[in-house]
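> Pasting entry-v5.txt here (compact mmCIF, C-alpha atoms and all ligand atoms):
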```txt
# COMPACT_ATOMS: atom_id res chain seq x y z
CA MET A 1 17.86 88.99 -43.91
CA SER A 2 15.75 88.52 -40.83
CA GLN A 3 16.50 85.98 -38.12
CA THR A 4 13.42 84.01 -39.07
CA GLN A 5 14.56 83.64 -42.67
CA THR A 6 17.99 82.55 -41.55
CA ILE A 7 16.57 79.84 -39.33
CA THR A 8 13.94 78.63 -41.78
CA GLN A 9 16.50 78.00 -44.50
CA THR A 10 18.17 75.36 -42.36
CA GLN A 11 16.16 72.24 -43.09
CA ALA A 12 18.76 69.61 -42.25
CA PRO A 13 18.03 67.48 -39.16
CA ASN A 14 21.37 68.49 -37.67
CA VAL A 15 21.24 72.22 -37.34
CA PRO A 16 24.69 73.78 -37.74
CA GLN A 17 25.99 75.12 -34.47
CA THR A 18 26.14 78.68 -35.75
CA LEU A 19 22.38 78.72 -36.31
CA VAL A 20 21.37 77.47 -32.87
CA LEU A 21 20.76 80.85 -31.34
CA LYS A 22 20.91 80.74 -27.58
CA ASN A 23 18.93 83.89 -27.12
CA PRO A 24 17.66 84.90 -30.53
CA VAL A 25 15.50 87.78 -29.40
CA GLN A 26 17.73 90.61 -28.35
CA ALA A 27 16.95 92.11 -24.96
CA GLU A 28 15.43 95.54 -25.28
CA GLU A 29 15.88 98.08 -22.52
CA ASP A 30 12.48 99.66 -23.10
CA TYR A 31 10.52 96.39 -23.00
CA ARG A 32 9.08 95.76 -19.58
CA TYR A 33 9.36 91.97 -19.89
CA SER A 34 12.75 91.87 -21.56
CA HIS A 35 13.97 89.44 -18.89
CA LEU A 36 11.31 86.95 -19.97
CA LEU A 37 12.18 86.84 -23.68
CA PRO A 38 12.63 83.36 -25.15
CA HIS A 39 15.89 81.59 -24.60
CA PHE A 40 16.81 78.31 -26.27
CA SER A 41 19.28 76.51 -24.07
CA GLU A 42 21.05 73.47 -25.44
CA ASP A 43 20.48 71.53 -22.22
CA ARG A 44 19.53 67.90 -22.62
CA TYR A 45 16.81 66.42 -20.44
CA PRO A 46 16.34 62.73 -19.57
CA PRO A 47 12.97 61.04 -20.19
CA LEU A 48 10.22 62.10 -17.78
CA GLU A 49 9.58 59.71 -14.93
CA PRO A 50 6.07 58.71 -13.84
CA PHE A 51 4.82 60.32 -10.63
CA GLU A 52 1.70 60.18 -8.52
CA HIS A 53 -0.62 63.13 -9.10
CA VAL A 54 -3.01 64.24 -6.37
CA ASP A 55 -5.53 66.66 -7.83
CA PRO A 56 -6.12 69.73 -5.64
CA GLY A 57 -9.70 69.93 -6.92
CA GLN A 58 -10.44 66.70 -5.05
CA ARG A 59 -10.03 68.45 -1.70
CA ALA A 60 -12.55 71.15 -2.63
CA LEU A 61 -15.30 68.56 -3.04
CA THR A 62 -15.64 68.49 0.75
CA HIS A 63 -15.59 72.27 1.24
CA PRO A 64 -18.87 73.70 2.59
CA ASN A 65 -18.98 76.01 -0.43
CA PRO A 66 -16.63 74.90 -3.22
CA ARG A 67 -17.16 78.25 -4.94
CA ALA A 68 -16.28 80.34 -1.89
CA PHE A 69 -13.20 81.73 -3.63
CA LEU A 70 -15.52 83.69 -5.93
CA GLU A 71 -17.43 85.39 -3.11
CA ASN A 72 -15.50 88.67 -3.34
CA ALA A 73 -15.55 88.86 -7.12
CA THR A 74 -17.10 92.00 -8.59
CA SER A 75 -18.22 90.16 -11.71
CA VAL A 76 -18.64 86.49 -12.66
CA VAL A 77 -19.93 86.00 -16.20
CA GLU A 78 -20.40 82.73 -18.05
CA LEU A 79 -18.82 83.10 -21.50
CA THR A 80 -21.00 80.33 -22.94
CA PRO A 81 -23.45 77.93 -21.27
CA ARG A 82 -21.06 74.95 -21.28
CA LEU A 83 -17.59 76.48 -21.33
CA GLY A 84 -15.77 79.38 -19.77
CA THR A 85 -16.27 81.89 -16.98
CA GLU A 86 -14.90 85.43 -16.83
CA VAL A 87 -14.06 86.77 -13.37
CA ARG A 88 -13.21 90.30 -12.22
CA GLY A 89 -12.31 91.63 -8.80
CA ILE A 90 -10.16 88.77 -7.49
CA ASN A 91 -6.38 88.85 -7.13
CA LEU A 92 -5.32 85.34 -8.14
CA ALA A 93 -1.86 85.79 -6.64
CA GLU A 94 -3.37 86.18 -3.16
CA LEU A 95 -5.56 83.05 -3.15
CA THR A 96 -5.22 80.83 -0.08
CA ALA A 97 -4.57 77.10 -0.39
CA ASP A 98 -8.28 76.36 0.11
CA ALA A 99 -9.15 78.88 -2.57
CA ARG A 100 -6.65 77.32 -4.99
CA ASP A 101 -8.28 73.94 -4.40
CA GLU A 102 -11.66 75.49 -5.17
CA LEU A 103 -10.22 77.16 -8.24
CA ALA A 104 -8.96 73.79 -9.53
CA LEU A 105 -12.42 72.27 -9.05
CA GLU A 106 -14.18 75.20 -10.73
CA VAL A 107 -11.83 75.08 -13.73
CA ALA A 108 -12.54 71.33 -13.97
CA ARG A 109 -16.26 72.12 -14.03
CA ARG A 110 -16.18 75.10 -16.39
CA GLY A 111 -13.22 74.05 -18.57
CA LEU A 112 -11.89 77.61 -18.74
CA ILE A 113 -11.81 80.53 -16.30
CA VAL A 114 -10.55 83.92 -17.38
CA PHE A 115 -9.36 86.32 -14.70
CA ARG A 116 -9.05 89.96 -15.71
CA ASP A 117 -6.85 92.69 -14.15
CA GLN A 118 -4.13 90.32 -12.91
CA HIS A 119 -1.18 92.69 -13.28
CA ASP A 120 0.00 91.80 -9.78
CA PHE A 121 0.15 88.10 -10.71
CA ILE A 122 1.97 88.76 -13.99
CA ASP A 123 4.47 91.18 -12.48
CA ARG A 124 5.52 88.83 -9.68
CA GLY A 125 7.82 87.08 -12.14
CA PRO A 126 9.06 83.59 -12.91
CA ASP A 127 9.87 82.38 -9.39
CA PHE A 128 6.29 83.15 -8.45
CA TYR A 129 4.95 81.48 -11.60
CA LYS A 130 6.77 78.29 -10.63
CA GLN A 131 5.50 78.45 -7.08
CA TRP A 132 1.96 79.02 -8.36
CA GLY A 133 2.03 76.13 -10.82
CA SER A 134 3.71 73.67 -8.47
CA TYR A 135 0.67 73.80 -6.23
CA PHE A 136 -1.36 72.06 -8.95
CA GLY A 137 1.12 69.39 -10.06
CA ARG A 138 4.64 68.65 -11.21
CA LEU A 139 5.70 71.33 -13.67
CA HIS A 140 6.20 70.18 -17.22
CA ILE A 141 9.38 71.26 -18.96
CA HIS A 142 8.76 71.57 -22.68
CA PRO A 143 11.23 69.73 -24.91
CA THR A 144 11.42 72.33 -27.69
CA SER A 145 9.93 75.70 -26.75
CA GLY A 146 11.67 78.88 -25.66
CA HIS A 147 11.77 79.81 -21.99
CA PRO A 148 13.09 82.71 -19.93
CA ALA A 149 16.77 82.21 -19.16
CA GLY A 150 17.06 79.94 -16.12
CA TYR A 151 13.33 79.05 -16.08
CA PRO A 152 12.71 76.05 -18.34
CA GLU A 153 9.37 75.42 -16.55
CA VAL A 154 7.95 78.58 -18.13
CA HIS A 155 6.85 77.76 -21.69
CA LEU A 156 6.83 80.82 -23.93
CA VAL A 157 4.96 81.67 -27.09
CA TYR A 158 6.48 84.52 -29.02
CA ARG A 159 6.05 86.43 -32.25
CA ASP A 160 7.19 89.88 -33.30
CA ALA A 161 8.04 91.71 -36.50
CA ASN A 162 11.21 89.68 -37.04
CA SER A 163 10.72 86.32 -35.31
CA THR A 164 8.26 83.64 -34.49
CA PHE A 165 9.02 80.85 -32.06
CA ASN A 166 5.63 79.18 -32.17
CA PHE A 167 4.51 75.92 -33.79
CA GLU A 168 3.06 77.57 -36.90
CA ILE A 169 2.59 75.78 -40.22
CA ALA A 170 3.19 78.38 -42.92
CA GLU A 171 1.69 76.35 -45.79
CA SER A 172 -1.64 75.74 -44.03
CA THR A 173 -4.84 77.52 -45.09
CA THR A 174 -5.59 78.20 -41.44
CA SER A 175 -3.80 78.84 -38.17
CA THR A 176 -6.53 76.93 -36.32
CA PHE A 177 -5.06 73.73 -34.88
CA TRP A 178 -7.14 72.34 -32.06
CA HIS A 179 -5.05 70.55 -29.47
CA SER A 180 -4.64 69.65 -25.85
CA ASP A 181 -1.16 70.69 -24.74
CA VAL A 182 1.60 68.05 -24.98
CA SER A 183 -0.96 65.23 -25.01
CA TYR A 184 1.84 62.87 -26.08
CA GLU A 185 3.20 62.75 -22.53
CA LEU A 186 2.33 59.73 -20.35
CA GLN A 187 0.86 62.17 -17.82
CA PRO A 188 -0.40 65.14 -19.82
CA PRO A 189 -1.33 68.46 -18.18
CA GLY A 190 -4.37 69.22 -16.06
CA LEU A 191 -4.98 72.75 -14.84
CA THR A 192 -2.93 75.06 -17.03
CA THR A 193 -2.22 78.78 -16.58
CA PHE A 194 -1.49 81.16 -19.45
CA PHE A 195 -1.11 84.92 -19.78
CA LEU A 196 0.21 87.46 -22.21
CA LEU A 197 3.07 89.81 -21.37
CA ALA A 198 2.64 91.73 -24.62
CA GLN A 199 -0.17 91.57 -27.13
CA PRO A 200 -1.19 93.06 -30.45
CA THR A 201 -3.69 95.92 -30.48
CA THR A 202 -6.23 93.54 -31.98
CA GLY A 203 -6.08 89.86 -32.90
CA GLY A 204 -4.25 86.95 -31.32
CA ASP A 205 -7.37 85.71 -29.55
CA THR A 206 -7.50 82.09 -28.36
CA LEU A 207 -10.22 79.58 -29.20
CA PHE A 208 -11.37 77.01 -26.66
CA THR A 209 -13.74 74.10 -26.96
CA SER A 210 -15.34 71.77 -24.44
CA GLN A 211 -14.40 68.18 -25.18
CA VAL A 212 -17.14 67.16 -22.73
CA SER A 213 -19.74 68.86 -24.92
CA THR A 214 -18.08 67.59 -28.08
CA LEU A 215 -18.55 64.05 -26.80
CA GLN A 216 -22.11 64.66 -25.64
CA LYS A 217 -23.17 65.71 -29.14
CA LEU A 218 -22.43 62.21 -30.43
CA SER A 219 -24.98 59.39 -30.46
CA PRO A 220 -24.95 56.95 -27.51
CA PRO A 221 -24.04 53.88 -29.63
CA PHE A 222 -21.10 55.74 -31.19
CA VAL A 223 -19.90 56.97 -27.78
CA THR A 224 -20.14 53.38 -26.51
CA PHE A 225 -17.82 52.33 -29.35
CA LEU A 226 -15.41 55.25 -28.78
CA ARG A 227 -15.07 54.27 -25.11
CA THR A 228 -13.54 50.96 -26.24
CA LEU A 229 -10.77 52.70 -28.20
CA SER A 230 -7.34 54.05 -27.44
CA ALA A 231 -5.11 56.18 -29.63
CA VAL A 232 -1.43 56.98 -30.09
CA HIS A 233 -0.37 60.55 -29.32
CA SER A 234 3.01 61.59 -30.71
CA GLY A 235 5.56 64.32 -30.02
CA VAL A 236 7.67 63.34 -33.04
CA GLU A 237 6.40 65.94 -35.51
CA GLN A 238 6.78 68.73 -32.98
CA ALA A 239 10.39 67.67 -32.39
CA ASN A 240 11.06 67.39 -36.13
CA PHE A 241 9.76 70.94 -36.58
CA SER A 242 12.51 72.12 -34.24
CA ARG A 243 15.07 69.76 -35.76
CA ALA A 244 14.38 71.45 -39.08
CA GLY A 245 15.74 74.60 -37.48
CA LYS A 246 12.44 76.28 -36.64
CA ARG A 247 11.21 77.51 -33.25
CA GLY A 248 14.73 77.99 -31.91
CA GLY A 249 16.01 74.73 -33.36
CA VAL A 250 16.54 72.75 -30.16
CA VAL A 251 15.15 69.41 -28.96
CA ARG A 252 16.12 68.99 -25.33
CA ARG A 253 14.31 65.71 -24.65
CA GLU A 254 13.73 62.91 -27.14
CA PRO A 255 10.14 62.86 -28.41
CA VAL A 256 7.76 60.27 -26.99
CA GLU A 257 4.55 58.54 -28.06
CA HIS A 258 1.93 57.29 -25.64
CA VAL A 259 -1.40 55.52 -25.88
CA HIS A 260 -4.38 57.25 -24.26
CA PRO A 261 -8.08 56.40 -24.13
CA VAL A 262 -10.18 58.10 -26.80
CA VAL A 263 -12.69 58.93 -24.05
CA ARG A 264 -11.17 59.86 -20.69
CA ARG A 265 -12.77 60.44 -17.32
CA HIS A 266 -11.92 63.46 -15.19
CA PRO A 267 -10.56 62.23 -11.85
CA VAL A 268 -12.48 64.81 -9.80
CA THR A 269 -15.76 65.54 -11.58
CA GLY A 270 -16.11 62.09 -13.17
CA GLU A 271 -17.11 63.76 -16.43
CA GLU A 272 -16.22 62.04 -19.68
CA ALA A 273 -14.41 63.94 -22.42
CA LEU A 274 -13.22 63.22 -25.93
CA TYR A 275 -9.42 63.07 -25.88
CA VAL A 276 -8.14 63.19 -29.44
CA ASN A 277 -6.66 66.19 -31.22
CA ARG A 278 -5.44 66.88 -34.71
CA GLN A 279 -2.04 68.14 -33.58
CA PHE A 280 -0.81 65.13 -31.62
CA THR A 281 -3.14 62.12 -32.07
CA ARG A 282 -1.90 59.85 -34.85
CA ARG A 283 -3.87 56.60 -34.99
CA ILE A 284 -6.42 54.48 -33.19
CA VAL A 285 -4.93 51.31 -31.80
CA GLY A 286 -6.18 48.03 -33.29
CA LEU A 287 -8.15 49.52 -36.19
CA LYS A 288 -7.18 49.28 -39.82
CA LYS A 289 -5.56 52.37 -41.32
CA GLN A 290 -8.65 53.60 -43.19
CA GLU A 291 -10.93 52.96 -40.21
CA SER A 292 -8.62 54.90 -37.93
CA GLU A 293 -8.17 57.79 -40.35
CA ASN A 294 -11.88 58.13 -41.08
CA ILE A 295 -12.94 58.05 -37.45
CA LEU A 296 -10.24 60.52 -36.40
CA ASN A 297 -11.03 62.84 -39.32
CA PHE A 298 -14.72 62.73 -38.44
CA LEU A 299 -13.91 63.61 -34.83
CA TYR A 300 -11.53 66.42 -35.86
CA ASP A 301 -14.18 67.81 -38.22
CA HIS A 302 -16.73 67.63 -35.43
CA ILE A 303 -14.36 69.55 -33.12
CA ASP A 304 -13.57 72.12 -35.85
CA LYS A 305 -17.19 72.83 -36.76
CA SER A 306 -18.85 72.85 -33.36
CA GLY A 307 -19.16 76.53 -32.64
CA ASP A 308 -21.83 75.58 -30.12
CA ASN A 309 -19.13 74.00 -27.92
CA GLN A 310 -16.63 76.81 -28.26
CA ALA A 311 -15.61 80.09 -26.64
CA ARG A 312 -13.26 82.74 -27.99
CA LEU A 313 -11.06 84.57 -25.54
CA LYS A 314 -10.15 88.14 -26.40
CA TRP A 315 -7.14 89.03 -24.31
CA GLU A 316 -7.02 92.27 -22.37
CA PRO A 317 -3.79 93.45 -20.75
CA GLY A 318 -3.59 91.72 -17.37
CA THR A 319 -5.67 88.68 -18.33
CA VAL A 320 -4.74 85.29 -16.86
CA ALA A 321 -6.57 82.27 -18.28
CA LEU A 322 -6.75 78.86 -16.65
CA TRP A 323 -8.05 75.82 -18.47
CA ASP A 324 -8.23 72.13 -17.77
CA ASN A 325 -6.35 70.42 -20.59
CA ARG A 326 -8.05 67.10 -19.74
CA ILE A 327 -11.49 68.23 -20.87
CA THR A 328 -10.87 71.07 -23.33
CA ALA A 329 -8.98 71.78 -26.52
CA HIS A 330 -7.77 75.14 -27.78
CA SER A 331 -6.17 76.84 -30.72
CA ALA A 332 -4.17 79.99 -31.28
CA ILE A 333 -5.40 82.45 -33.90
CA VAL A 334 -2.55 83.99 -35.88
CA ASP A 335 -4.35 86.88 -37.55
CA TYR A 336 -2.08 89.73 -36.42
CA GLY A 337 1.10 89.04 -38.40
CA ASP A 338 0.67 92.04 -40.71
CA SER A 339 0.67 94.46 -37.79
CA LYS A 340 4.23 93.40 -36.83
CA GLU A 341 3.22 93.78 -33.19
CA ARG A 342 4.66 91.64 -30.44
CA ARG A 343 2.70 88.78 -28.87
CA HIS A 344 4.57 87.28 -25.93
CA GLY A 345 2.88 84.74 -23.68
CA ALA A 346 3.84 82.44 -20.83
CA ARG A 347 2.32 79.11 -19.87
CA ILE A 348 2.69 77.21 -16.61
CA THR A 349 1.84 73.58 -17.24
CA PRO A 350 1.45 71.20 -14.29
CA GLN A 351 1.16 67.58 -15.33
CA ALA A 352 -1.70 65.48 -14.02
CA GLU A 353 -2.64 61.80 -13.86
CA ARG A 354 -2.25 59.32 -16.69
CA PRO A 355 -5.59 59.66 -18.54
CA ILE A 356 -8.27 57.50 -16.95
CA PRO A 357 -10.33 55.55 -19.48
CA ALA A 358 -14.08 56.17 -19.32
CA LEU A 359 -14.41 52.43 -19.87
CA GLU A 360 -13.08 50.77 -16.76
CA GLY A 361 -10.37 48.20 -17.49
CA LEU A 362 -9.59 49.47 -20.99
CA LYS A 363 -6.15 48.15 -21.89
CA LEU A 364 -3.62 50.84 -22.79
CA ASP A 365 -0.39 49.72 -24.38
FE FE A 401 -1.57 75.09 -26.61
```
Go ahead and render the structure in this file as structure tokens.


Amino acid sequence: MSQTQTITQTQAPNVPQTLVLKNPVQAEEDYRYSHLLPHFSEDRYPPLEPFEHVDPGQRALTHPNPRAFLENATSVVELTPRLGTEVRGINLAELTADARDELALEVARRGLIVFRDQHDFIDRGPDFYKQWGSYFGRLHIHPTSGHPAGYPEVHLVYRDANSTFNFEIAESTTSTFWHSDVSYELQPPGLTTFFLLAQPTTGGDTLFTSQVSTLQKLSPPFVTFLRTLSAVHSGVEQANFSRAGKRGGVVRREPVEHVHPVVRRHPVTGEEALYVNRQFTRRIVGLKKQESENILNFLYDHIDKSGDNQARLKWEPGTVALWDNRITAHSAIVDYGDSKERRHGARITPQAERPIPALEGLKLD
């Protein structure tokens, strides 16, 4: 019986001690990133405390050329008109502080920037990842995901022939679940960095969508109404998934729910973006149940269907992607399971400001 089967059979909220595997993926001597395999510590974390976020992108607004960090690139290609840029010829790990500020601003403007050939960045290891991410904000520690031993700030996604430690719903007709990472937090993430340490030969791409464009496709009167709304985002289901024994079976911080504006404003660019997602948004505050469900389902459908707002990232070895979680949504694509190949990724997730309502003075409680 595989490890996955063993874990999945444990559906009780209190997972027996014997099935809480501290390091369920065995280290392999021939795997280059064996030291970064997922580890599920039983540490308990207190609730997150509010903090003041200063966005590095703000500083770049006064730079003579806010795109100067791209000057030495050998290739800069827009993936789609409204979302995503692919860059070659720059070593991310060597960017100066000014260049990192400019990077933050450019990611805020383009939603997603994909840097190829970043083996140096990836091979610098977890202390460097933390140092990198800390520049952009306080590092989020995920309540349920696996992390390299001793590095809870590094959120891992992981699947191989025997195990999966991702949030995957087996009974769904699709693996597409648009979301903005951990949007249930009071101060959800801004600029987010993700890369793969191992990847399947084909498949395992990531979908991205611009929530700025998604909003702009809606009629002005409807947008005016949406600006008056706020919605509850919840981490409860994600925690219950782990409490059922899946994804390593640990919940290290009690799940939270927070109310965010349905339309938020980016603190640096001032752009407005839709901020609801099927994975974590649960209901619109103050509306009746059917009103809330119908509006949210319409918005989720709109996000799902809008290929004209989306980009699909095909990973190459050495790719590092950065996206702004405030103005984009994304989804994994789990189409590689039959190949039994390993997909092992790491995310560095600085938290940002509490979402700013597009409608000034909107009450959030
Ligand atoms: Fe995600």

> Could you list, as a short mmCIF file (atom, residue, chain, number, x, y, z; two decimals) with C-alpha atoms, in the frame of the given file, every residue within 6 Å of A:Val154, counting only C-alpha atoms and ignoring same-chain residues fewer than 3 positions away?


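Result file selection-v4.cif:
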```
data_model
loop_
_atom_site.label_atom_id
_atom_site.label_comp_id
_atom_site.auth_asym_id
_atom_site.auth_seq_id
_atom_site.Cartn_x
_atom_site.Cartn_y
_atom_site.Cartn_z
CA HIS A 147 11.77 79.81 -21.99
CA TYR A 151 13.33 79.05 -16.08
CA ARG A 347 2.32 79.11 -19.87
CA ILE A 348 2.69 77.21 -16.61
#
```

> For a quick check of understanding, using only C-alpha atoms, which of A:Val320, A:Leu112, A:Val54, A:Leu299 has the smallest distance to A:Asn91?

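That would be A:Val320, the residue with the smallest distance to A:Asn91.
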
> To one decimal place, how far is atom CA of A:Phe51 from atom CA of A:His140 in Å?

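Separation of atom CA of A:Phe51 and atom CA of A:His140: 11.9 Å.
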
> Which is closer to ligand FE 401 (chain A) than all the others in A:Val263, A:Val157, A:Ala198, A:Ile90, using only C-alpha atoms and all ligand atoms?

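Among the listed residues, the smallest separation from ligand FE 401 (chain A) belongs to A:Val157.
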
> Using all atoms listed in the file, which residues of the polymer chains come no farther than 12 Å from ligand FE 401 (chain A)? I'd like the answer as a PyMOL selection string.

chain A and resi 142+145+155-157+166-168+176-183+189+192-195+206-208+277+279-280+322-325+328-333+345-349

> With C-alpha atoms retained, could you export that selection as a PDB file, keeping the file's coordinate frame?


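File produced: out-v4.pdb:
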```pdb
ATOM      1  CA  HIS A 142       8.760  71.570 -22.680  1.00  0.00           C
ATOM      2  CA  SER A 145       9.930  75.700 -26.750  1.00  0.00           C
ATOM      3  CA  HIS A 155       6.850  77.760 -21.690  1.00  0.00           C
ATOM      4  CA  LEU A 156       6.830  80.820 -23.930  1.00  0.00           C
ATOM      5  CA  VAL A 157       4.960  81.670 -27.090  1.00  0.00           C
ATOM      6  CA  ASN A 166       5.630  79.180 -32.170  1.00  0.00           C
ATOM      7  CA  PHE A 167       4.510  75.920 -33.790  1.00  0.00           C
ATOM      8  CA  GLU A 168       3.060  77.570 -36.900  1.00  0.00           C
ATOM      9  CA  THR A 176      -6.530  76.930 -36.320  1.00  0.00           C
ATOM     10  CA  PHE A 177      -5.060  73.730 -34.880  1.00  0.00           C
ATOM     11  CA  TRP A 178      -7.140  72.340 -32.060  1.00  0.00           C
ATOM     12  CA  HIS A 179      -5.050  70.550 -29.470  1.00  0.00           C
ATOM     13  CA  SER A 180      -4.640  69.650 -25.850  1.00  0.00           C
ATOM     14  CA  ASP A 181      -1.160  70.690 -24.740  1.00  0.00           C
ATOM     15  CA  VAL A 182       1.600  68.050 -24.980  1.00  0.00           C
ATOM     16  CA  SER A 183      -0.960  65.230 -25.010  1.00  0.00           C
ATOM     17  CA  PRO A 189      -1.330  68.460 -18.180  1.00  0.00           C
ATOM     18  CA  THR A 192      -2.930  75.060 -17.030  1.00  0.00           C
ATOM     19  CA  THR A 193      -2.220  78.780 -16.580  1.00  0.00           C
ATOM     20  CA  PHE A 194      -1.490  81.160 -19.450  1.00  0.00           C
ATOM     21  CA  PHE A 195      -1.110  84.920 -19.780  1.00  0.00           C
ATOM     22  CA  THR A 206      -7.500  82.090 -28.360  1.00  0.00           C
ATOM     23  CA  LEU A 207     -10.220  79.580 -29.200  1.00  0.00           C
ATOM     24  CA  PHE A 208     -11.370  77.010 -26.660  1.00  0.00           C
ATOM     25  CA  ASN A 277      -6.660  66.190 -31.220  1.00  0.00           C
ATOM     26  CA  GLN A 279      -2.040  68.140 -33.580  1.00  0.00           C
ATOM     27  CA  PHE A 280      -0.810  65.130 -31.620  1.00  0.00           C
ATOM     28  CA  LEU A 322      -6.750  78.860 -16.650  1.00  0.00           C
ATOM     29  CA  TRP A 323      -8.050  75.820 -18.470  1.00  0.00           C
ATOM     30  CA  ASP A 324      -8.230  72.130 -17.770  1.00  0.00           C
ATOM     31  CA  ASN A 325      -6.350  70.420 -20.590  1.00  0.00           C
ATOM     32  CA  THR A 328     -10.870  71.070 -23.330  1.00  0.00           C
ATOM     33  CA  ALA A 329      -8.980  71.780 -26.520  1.00  0.00           C
ATOM     34  CA  HIS A 330      -7.770  75.140 -27.780  1.00  0.00           C
ATOM     35  CA  SER A 331      -6.170  76.840 -30.720  1.00  0.00           C
ATOM     36  CA  ALA A 332      -4.170  79.990 -31.280  1.00  0.00           C
ATOM     37  CA  ILE A 333      -5.400  82.450 -33.900  1.00  0.00           C
ATOM     38  CA  GLY A 345       2.880  84.740 -23.680  1.00  0.00           C
ATOM     39  CA  ALA A 346       3.840  82.440 -20.830  1.00  0.00           C
ATOM     40  CA  ARG A 347       2.320  79.110 -19.870  1.00  0.00           C
ATOM     41  CA  ILE A 348       2.690  77.210 -16.610  1.00  0.00           C
ATOM     42  CA  THR A 349       1.840  73.580 -17.240  1.00  0.00           C
TER      43      THR A 349
END
```

> Nearest to A:Gly150 among A:Glu272, A:Glu49, A:Asp127, A:Glu237, with distances taken over all atoms listed in the file: which residue is it?

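Closest to A:Gly150, using all atoms listed in the file: A:Asp127.
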
> Using all atoms listed in the file, pick whichever of A:Arg138, A:Arg243, A:Arg264, A:Arg252 has the shortest atom-to-atom distance to A:Arg227.

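Among the listed residues, A:Arg264 lies closest to A:Arg227.
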
> Identify, on the basis of all atoms listed in the file, every residue whose closest approach to A:Pro64 does not exceed 12 Å; exclude the query and any residue fewer than 4 positions from it along the same chain; express the result as a list in words.

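Neighbouring residues, sequence-local ones excluded: Arg59, Ala60, Ala68, Phe69, Asp98 and Glu102 of chain A.
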
> Which residue gives the smallest distance to A:Arg32 among A:Arg265, A:His63, A:His53, A:His344, with all atoms listed in the file counted?

A:His344

> Excluding A:Gln58 and any residue of its chain fewer than 6 positions from it, enumerate the residues within 8 Å of it, using only C-alpha atoms, and give them as a list in words.

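Returned residues: Asp101, Leu105 and Val268 of chain A.
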
> Keeping only C-alpha atoms, write those residues as a PDB file, keeping the file's coordinate frame.


```pdb
ATOM      1  CA  ASP A 101      -8.280  73.940  -4.400  1.00  0.00           C
ATOM      2  CA  LEU A 105     -12.420  72.270  -9.050  1.00  0.00           C
ATOM      3  CA  VAL A 268     -12.480  64.810  -9.800  1.00  0.00           C
TER       4      VAL A 268
END
```

> Could stretch 201-214 of chain A be completed with N, CA and C atoms and written as a PDB file, in the coordinates of the input, please?


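Result file follows (result_6.pdb):
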```
ATOM      1  N   THR A 201      -2.564  95.030 -30.745  1.00  0.00           N
ATOM      2  CA  THR A 201      -3.690  95.920 -30.480  1.00  0.00           C
ATOM      3  C   THR A 201      -5.015  95.197 -30.697  1.00  0.00           C
ATOM      4  N   THR A 202      -5.064  94.392 -31.752  1.00  0.00           N
ATOM      5  CA  THR A 202      -6.230  93.540 -31.980  1.00  0.00           C
ATOM      6  C   THR A 202      -5.732  92.236 -32.590  1.00  0.00           C
ATOM      7  N   GLY A 203      -6.497  91.170 -32.384  1.00  0.00           N
ATOM      8  CA  GLY A 203      -6.080  89.860 -32.900  1.00  0.00           C
ATOM      9  C   GLY A 203      -5.306  89.065 -31.868  1.00  0.00           C
ATOM     10  N   GLY A 204      -4.963  87.832 -32.248  1.00  0.00           N
ATOM     11  CA  GLY A 204      -4.250  86.950 -31.320  1.00  0.00           C
ATOM     12  C   GLY A 204      -5.148  86.394 -30.234  1.00  0.00           C
ATOM     13  N   ASP A 205      -6.457  86.340 -30.509  1.00  0.00           N
ATOM     14  CA  ASP A 205      -7.370  85.710 -29.550  1.00  0.00           C
ATOM     15  C   ASP A 205      -7.055  84.216 -29.445  1.00  0.00           C
ATOM     16  N   THR A 206      -7.657  83.546 -28.490  1.00  0.00           N
ATOM     17  CA  THR A 206      -7.500  82.090 -28.360  1.00  0.00           C
ATOM     18  C   THR A 206      -8.876  81.440 -28.383  1.00  0.00           C
ATOM     19  N   LEU A 207      -8.984  80.360 -29.147  1.00  0.00           N
ATOM     20  CA  LEU A 207     -10.220  79.580 -29.200  1.00  0.00           C
ATOM     21  C   LEU A 207     -10.148  78.428 -28.210  1.00  0.00           C
ATOM     22  N   PHE A 208     -11.266  78.160 -27.556  1.00  0.00           N
ATOM     23  CA  PHE A 208     -11.370  77.010 -26.660  1.00  0.00           C
ATOM     24  C   PHE A 208     -12.605  76.207 -27.031  1.00  0.00           C
ATOM     25  N   THR A 209     -12.547  74.911 -26.781  1.00  0.00           N
ATOM     26  CA  THR A 209     -13.740  74.100 -26.960  1.00  0.00           C
ATOM     27  C   THR A 209     -13.846  73.089 -25.828  1.00  0.00           C
ATOM     28  N   SER A 210     -15.093  72.755 -25.499  1.00  0.00           N
ATOM     29  CA  SER A 210     -15.340  71.770 -24.440  1.00  0.00           C
ATOM     30  C   SER A 210     -15.356  70.378 -25.068  1.00  0.00           C
ATOM     31  N   GLN A 211     -14.427  69.548 -24.662  1.00  0.00           N
ATOM     32  CA  GLN A 211     -14.400  68.180 -25.180  1.00  0.00           C
ATOM     33  C   GLN A 211     -15.444  67.303 -24.462  1.00  0.00           C
ATOM     34  N   VAL A 212     -16.005  67.829 -23.371  1.00  0.00           N
ATOM     35  CA  VAL A 212     -17.140  67.160 -22.730  1.00  0.00           C
ATOM     36  C   VAL A 212     -18.367  67.342 -23.626  1.00  0.00           C
ATOM     37  N   SER A 213     -18.600  68.588 -24.035  1.00  0.00           N
ATOM     38  CA  SER A 213     -19.740  68.860 -24.920  1.00  0.00           C
ATOM     39  C   SER A 213     -19.567  68.194 -26.270  1.00  0.00           C
ATOM     40  N   THR A 214     -18.351  68.204 -26.772  1.00  0.00           N
ATOM     41  CA  THR A 214     -18.080  67.590 -28.080  1.00  0.00           C
ATOM     42  C   THR A 214     -18.507  66.124 -28.044  1.00  0.00           C
TER      43      THR A 214
END
```
